[in-house]
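Below is one structure, written out as structure tokens; the observations come after it.
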Amino acid sequence: MERVGAGAIRSQADGRREAALATLLLRISAALIRTPHHRLGGAIDDAVAEVAGAVAADCALVARRESRGVVQHHLWERGRRNGSACTLSSDILTAILGRLHGGRTLVWGNRDEFPSARRPPSDQPESGIFVPLQVGVTRGGMLAVVARAPRSWPADAVEATERLAEMLAAALDRIANQSAVTREQEGRRSAEAETRVLREHLAHAGRVTMLGELAASLAHELNQPLTAIYTNAQAAERFLDRKRPAIGDALGALQDLGQDCRRAGEVLGRLRKMFRRHETERVPLAVGPLIEHVLRLLHEEAVARGVDVVLDVPPDLPLVNGDCVQLEQVVMNLLVNAFDAVMGVDGAREVTLRASAPDDVLALSIADTGPGISPGDLDRIFEPFFTRKPNGMGMGLSICRNIVEAHGGRIGARNGRERGSVFELRLPAVKAH
């Protein structure tokens with residue numbers, strides 16, 4: 001049944017625009033945090049340009065009251081690379097700043113809505129969003145995002161401008177604190193390292209959470225060689241404890257014991273590799289062995305759940321340039337989600353993993369015979385903290401998307417033609433020389 005919101009149905013285009021703005025703001029926030037003190041001015045210019053362009057504005061600027069009057073900084077105009085000729089007059093800026101002292105955003109759709117007895121002259125922009133800057137030394141300033149023609153500004157454009165204003169206020173406050181320049185430069189280097197470590201820890205946390213769910217099946221896999229080791233050790237002891245020791249039988253038992261030790265070591269090695277934190281390592285990888293490794297880890301889980309895994313992975317796939325552990329994490333997460341999806345359905349519990357290589361791209365799909373994905377959730381399932389699982393954290397698919405995009409690839413989801421869902425990822429293939 002289709003849900004109707006408060007009087008209107010939000011179009012998919014609106015949803016995609018909101019998601020794109022949210023992603024852009026997250027990236028800008030991270031960039032401003034990581035940028036060293038002496039490069040913040042350029043980062044602010046870039047941030048103003050990106051958000052203003054994304055909300056389809058014609059011009060944007062930061063205005064601040066200074067000793068010499070209202071001064072305009074970080075100007076941007078659509079179609080211009082350096083600076084901007086699209087400035088607002090001092091009278092207009094002073095009038096707008098006078099209305100922003102209460103801390104509320106002013107949205108102006110045309111000249112008739114301008115909140116002053118004095119209307120903007122014909123050479124001035126006709127509509128805009130004006131957000132006060134309210135952190136530290138930036139109090140009394142504003143971010144202006146304007147258009148030359150009358151227009152209505154959607155709520156997501158206003159919200160994006162307000163969030164950008166918060167980020168710019170904090171960044172401008174950092175620039176103003178000249179006494180802390182040296183300390184901040186050192187802090188930037190530390191923050192960059194912390195950001196990198198946090199990114200690795202996030203991926204690691206995803207692996208630990210995912211593998212924690214598989215603890216029982218992994219313990220079973222490890223228990224098999226350990227039981228065999230114990231049995232062969234006892235057999236060797238009995239063979240040697242006879243009046244006439246059966247040396248040949250004892251050696252055979254010890255050889256089997258050695259093979260069982262190697263099997264246990266392989267299990268532990270696979271787990272250690274998945275659990276450990278590590279720096280990203282990009283090397284040419286064969287996808288077939290990577291998939292086989294993940295399936296060995298998930299074998300007991302599939303058996304315990306009664307899931308049939310169907311493989312369609314040709315042997316001559318091209319290599320991809322990537323980090324083995326991170327890509328294994330993506331495949332494992334998608335497979336575990338597929339296992340979850342088919343639980344409780346009538347009929348076959350089947351998960352199909354296919355790989356192909358069209359046009360110098362390695363394509364991988366994981367399809368299940370579950371109930372599929374609600375149409376309203378398809379655009380949101382890769383968002384952080386979005387989940388329909390009762391005990392889910394909503395981070396697995398978000399981590400998968402970050403990993404795939406960091407490898408220059410794309411990941412998406414759709415519903416199958418008849419039933420179930422299909423997750424598809426595409427990674428650049430290493431070109432043969």
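Quick note on naming: the chains in the structure tokens go A, B, ... in the order shown, residues restart at 1 in each chain, and ligands are numbered from 1 in order of appearance.
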Going by DSSP on the backbone, which bits of range 52-94 of chain A are strand (DSSP E or B)? Write them as a list in words, please. Cys59, Ala60, Leu61, Val62, Ala63, Arg64, Arg65, Glu66, Gly69, Val70, Val71, Gln72, His73, His74, Leu75, Trp76 and Glu77 of chain A
Written file, previous selection with N, CA and C atoms, as a PDB file, in the first residue's frame:
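Result went into part25.pdb, see below:
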```pdb
ATOM      1  N   CYS A  59      24.351  33.160  -7.162  1.00  0.00           N
ATOM      2  CA  CYS A  59      25.454  33.809  -6.460  1.00  0.00           C
ATOM      3  C   CYS A  59      25.417  33.389  -4.984  1.00  0.00           C
ATOM      4  N   ALA A  60      26.571  33.548  -4.332  1.00  0.00           N
ATOM      5  CA  ALA A  60      26.653  33.277  -2.902  1.00  0.00           C
ATOM      6  C   ALA A  60      27.816  34.056  -2.326  1.00  0.00           C
ATOM      7  N   LEU A  61      27.719  34.399  -1.036  1.00  0.00           N
ATOM      8  CA  LEU A  61      28.792  35.153  -0.391  1.00  0.00           C
ATOM      9  C   LEU A  61      28.616  35.089   1.124  1.00  0.00           C
ATOM     10  N   VAL A  62      29.691  35.440   1.814  1.00  0.00           N
ATOM     11  CA  VAL A  62      29.667  35.622   3.257  1.00  0.00           C
ATOM     12  C   VAL A  62      29.840  37.107   3.530  1.00  0.00           C
ATOM     13  N   ALA A  63      28.970  37.696   4.338  1.00  0.00           N
ATOM     14  CA  ALA A  63      29.062  39.119   4.692  1.00  0.00           C
ATOM     15  C   ALA A  63      29.252  39.235   6.199  1.00  0.00           C
ATOM     16  N   ARG A  64      30.161  40.143   6.587  1.00  0.00           N
ATOM     17  CA  ARG A  64      30.439  40.337   8.016  1.00  0.00           C
ATOM     18  C   ARG A  64      30.601  41.820   8.312  1.00  0.00           C
ATOM     19  N   ARG A  65      30.129  42.197   9.511  1.00  0.00           N
ATOM     20  CA  ARG A  65      30.339  43.573   9.960  1.00  0.00           C
ATOM     21  C   ARG A  65      31.766  43.701  10.477  1.00  0.00           C
ATOM     22  N   GLU A  66      32.507  44.621   9.930  1.00  0.00           N
ATOM     23  CA  GLU A  66      33.859  44.904  10.386  1.00  0.00           C
ATOM     24  C   GLU A  66      33.991  46.389  10.662  1.00  0.00           C
ATOM     25  N   GLY A  69      32.889  48.703   8.004  1.00  0.00           N
ATOM     26  CA  GLY A  69      31.549  48.515   7.471  1.00  0.00           C
ATOM     27  C   GLY A  69      31.277  47.053   7.155  1.00  0.00           C
ATOM     28  N   VAL A  70      30.240  46.802   6.366  1.00  0.00           N
ATOM     29  CA  VAL A  70      29.890  45.442   5.966  1.00  0.00           C
ATOM     30  C   VAL A  70      30.802  45.022   4.812  1.00  0.00           C
ATOM     31  N   VAL A  71      31.518  43.906   5.029  1.00  0.00           N
ATOM     32  CA  VAL A  71      32.484  43.431   4.038  1.00  0.00           C
ATOM     33  C   VAL A  71      32.030  42.067   3.529  1.00  0.00           C
ATOM     34  N   GLN A  72      32.182  41.877   2.197  1.00  0.00           N
ATOM     35  CA  GLN A  72      31.785  40.624   1.571  1.00  0.00           C
ATOM     36  C   GLN A  72      33.016  39.758   1.299  1.00  0.00           C
ATOM     37  N   HIS A  73      32.926  38.473   1.692  1.00  0.00           N
ATOM     38  CA  HIS A  73      34.027  37.522   1.511  1.00  0.00           C
ATOM     39  C   HIS A  73      33.522  36.283   0.782  1.00  0.00           C
ATOM     40  N   HIS A  74      34.458  35.486   0.291  1.00  0.00           N
ATOM     41  CA  HIS A  74      34.155  34.151  -0.263  1.00  0.00           C
ATOM     42  C   HIS A  74      33.010  34.222  -1.274  1.00  0.00           C
ATOM     43  N   LEU A  75      33.169  35.151  -2.221  1.00  0.00           N
ATOM     44  CA  LEU A  75      32.133  35.361  -3.218  1.00  0.00           C
ATOM     45  C   LEU A  75      32.179  34.283  -4.299  1.00  0.00           C
ATOM     46  N   TRP A  76      30.996  33.884  -4.748  1.00  0.00           N
ATOM     47  CA  TRP A  76      30.889  32.896  -5.834  1.00  0.00           C
ATOM     48  C   TRP A  76      29.765  33.313  -6.764  1.00  0.00           C
ATOM     49  N   GLU A  77      29.986  33.157  -8.054  1.00  0.00           N
ATOM     50  CA  GLU A  77      28.935  33.395  -9.037  1.00  0.00           C
ATOM     51  C   GLU A  77      28.956  32.276 -10.064  1.00  0.00           C
TER      52      GLU A  77
END
```
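For Asp360 in chain A, the list of residues within 10 Å, based on only C-alpha atoms and with local chain neighbours fewer than 3 positions off taken out, reads Pro318, Val320, Ala357, Ala363, Leu427, Pro428, Ala429, Val430, Lys431 and Ala432 of chain A.
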Selected residues written out, N, CA and C atoms, as a PDB file, in the first residue's frame:
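Ended up saving to selection_36.pdb:
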```
ATOM      1  N   PRO A 318      38.774 -10.770 -14.903  1.00  0.00           N
ATOM      2  CA  PRO A 318      39.945  -9.903 -14.758  1.00  0.00           C
ATOM      3  C   PRO A 318      40.203  -9.566 -13.298  1.00  0.00           C
ATOM      4  N   VAL A 320      41.009  -7.032 -10.074  1.00  0.00           N
ATOM      5  CA  VAL A 320      40.629  -5.690  -9.631  1.00  0.00           C
ATOM      6  C   VAL A 320      41.716  -5.180  -8.695  1.00  0.00           C
ATOM      7  N   ALA A 357      32.290  -9.706 -16.417  1.00  0.00           N
ATOM      8  CA  ALA A 357      33.242  -8.625 -16.687  1.00  0.00           C
ATOM      9  C   ALA A 357      32.887  -7.904 -17.986  1.00  0.00           C
ATOM     10  N   ALA A 363      31.638  -6.979 -12.550  1.00  0.00           N
ATOM     11  CA  ALA A 363      30.304  -6.856 -11.969  1.00  0.00           C
ATOM     12  C   ALA A 363      30.009  -8.065 -11.103  1.00  0.00           C
ATOM     13  N   LEU A 427      33.170  -2.785 -10.042  1.00  0.00           N
ATOM     14  CA  LEU A 427      34.498  -2.284  -9.715  1.00  0.00           C
ATOM     15  C   LEU A 427      35.319  -2.189 -10.990  1.00  0.00           C
ATOM     16  N   PRO A 428      36.175  -1.175 -11.107  1.00  0.00           N
ATOM     17  CA  PRO A 428      37.041  -1.082 -12.287  1.00  0.00           C
ATOM     18  C   PRO A 428      37.980  -2.282 -12.368  1.00  0.00           C
ATOM     19  N   ALA A 429      38.042  -2.897 -13.523  1.00  0.00           N
ATOM     20  CA  ALA A 429      38.947  -4.035 -13.720  1.00  0.00           C
ATOM     21  C   ALA A 429      40.339  -3.536 -14.079  1.00  0.00           C
ATOM     22  N   VAL A 430      41.358  -4.301 -13.681  1.00  0.00           N
ATOM     23  CA  VAL A 430      42.729  -3.977 -14.055  1.00  0.00           C
ATOM     24  C   VAL A 430      42.890  -4.311 -15.542  1.00  0.00           C
ATOM     25  N   LYS A 431      43.279  -3.329 -16.330  1.00  0.00           N
ATOM     26  CA  LYS A 431      43.396  -3.536 -17.765  1.00  0.00           C
ATOM     27  C   LYS A 431      44.618  -4.405 -18.068  1.00  0.00           C
ATOM     28  N   ALA A 432      44.400  -5.383 -18.926  1.00  0.00           N
ATOM     29  CA  ALA A 432      45.502  -6.277 -19.322  1.00  0.00           C
ATOM     30  C   ALA A 432      46.484  -5.520 -20.196  1.00  0.00           C
TER      31      ALA A 432
END
```
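Here CA of Leu319 in chain A stands at a distance of 25.8 Å from CA of Asp368 in chain A.
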Close residues, Val283 in chain A itself excluded, 9 Å, only C-alpha atoms, min 6 positions apart in chain, as a ChimeraX atom specification: /A:320-324
Report as a VMD selection string all protein, DNA and RNA residues lying within 10 Å of Ala355 in chain A, evaluated on only C-alpha atoms, omitting residues in the same chain fewer than 5 positions from it. chain A and resid 287 to 288 311 to 315 317 362 to 366 424 to 426
Can you work out the spacing between CA of Asp346 in chain A and CA of Arg305 in chain A in Å, to one decimal?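 These atoms are spaced 13.6 Å apart.
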Residues near Glu159 in chain A, cut-off 12 Å, only C-alpha atoms, skip fewer than 2 positions along chain, as a PyMOL selection string: chain A and resi 18+21-22+25+51+55+105-107+129-131+153-157+161-166
Might you pull out every residue within 9 Å of Leu290 in chain A, with only C-alpha atoms counted and same-chain residues fewer than 2 positions away left off, and present them as an MDAnalysis selection string? chainID A and resid 285:288 292:295 324 327:328 331
Could you name the residues that touch Val146 in chain A at 6 Å or less, counting only C-alpha atoms, but leaving out those on the same chain fewer than 5 positions away, as a short mmCIF file (atom, residue, chain, number, x, y, z; two decimals) with N, CA and C atoms, in the first residue's frame?
```cif
data_model
loop_
_atom_site.label_atom_id
_atom_site.label_comp_id
_atom_site.auth_asym_id
_atom_site.auth_seq_id
_atom_site.Cartn_x
_atom_site.Cartn_y
_atom_site.Cartn_z
N ALA A 57 21.56 28.06 -7.06
CA ALA A 57 21.65 29.51 -6.87
C ALA A 57 22.49 30.12 -7.98
N CYS A 59 24.35 33.16 -7.16
CA CYS A 59 25.45 33.81 -6.46
C CYS A 59 25.42 33.39 -4.98
N SER A 127 15.89 37.18 -5.23
CA SER A 127 15.46 36.23 -4.20
C SER A 127 16.69 35.62 -3.55
N GLY A 128 16.49 35.05 -2.34
CA GLY A 128 17.65 34.46 -1.68
C GLY A 128 17.33 33.83 -0.33
#
```
Return the single residue from A:Gly252, A:Gly409, A:Gly420, A:Pro284 that is closest to Val345 in chain A, with distances computed using only C-alpha atoms.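 Between A:Gly252, A:Gly409, A:Gly420, A:Pro284, the residue approaching Val345 in chain A most closely is A:Gly420.
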Report, in Å with one decimal, the straight-line distance from CA of Pro125 in chain A to CA of Pro150 in chain A.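 Computing the Euclidean distance for CA of Pro125 in chain A and CA of Pro150 in chain A yields 8.5 Å.
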Mind listing the alpha helix (DSSP H) residues of range 347-419 of chain A, per DSSP on the backbone, as a ChimeraX atom specification? /A:396-406
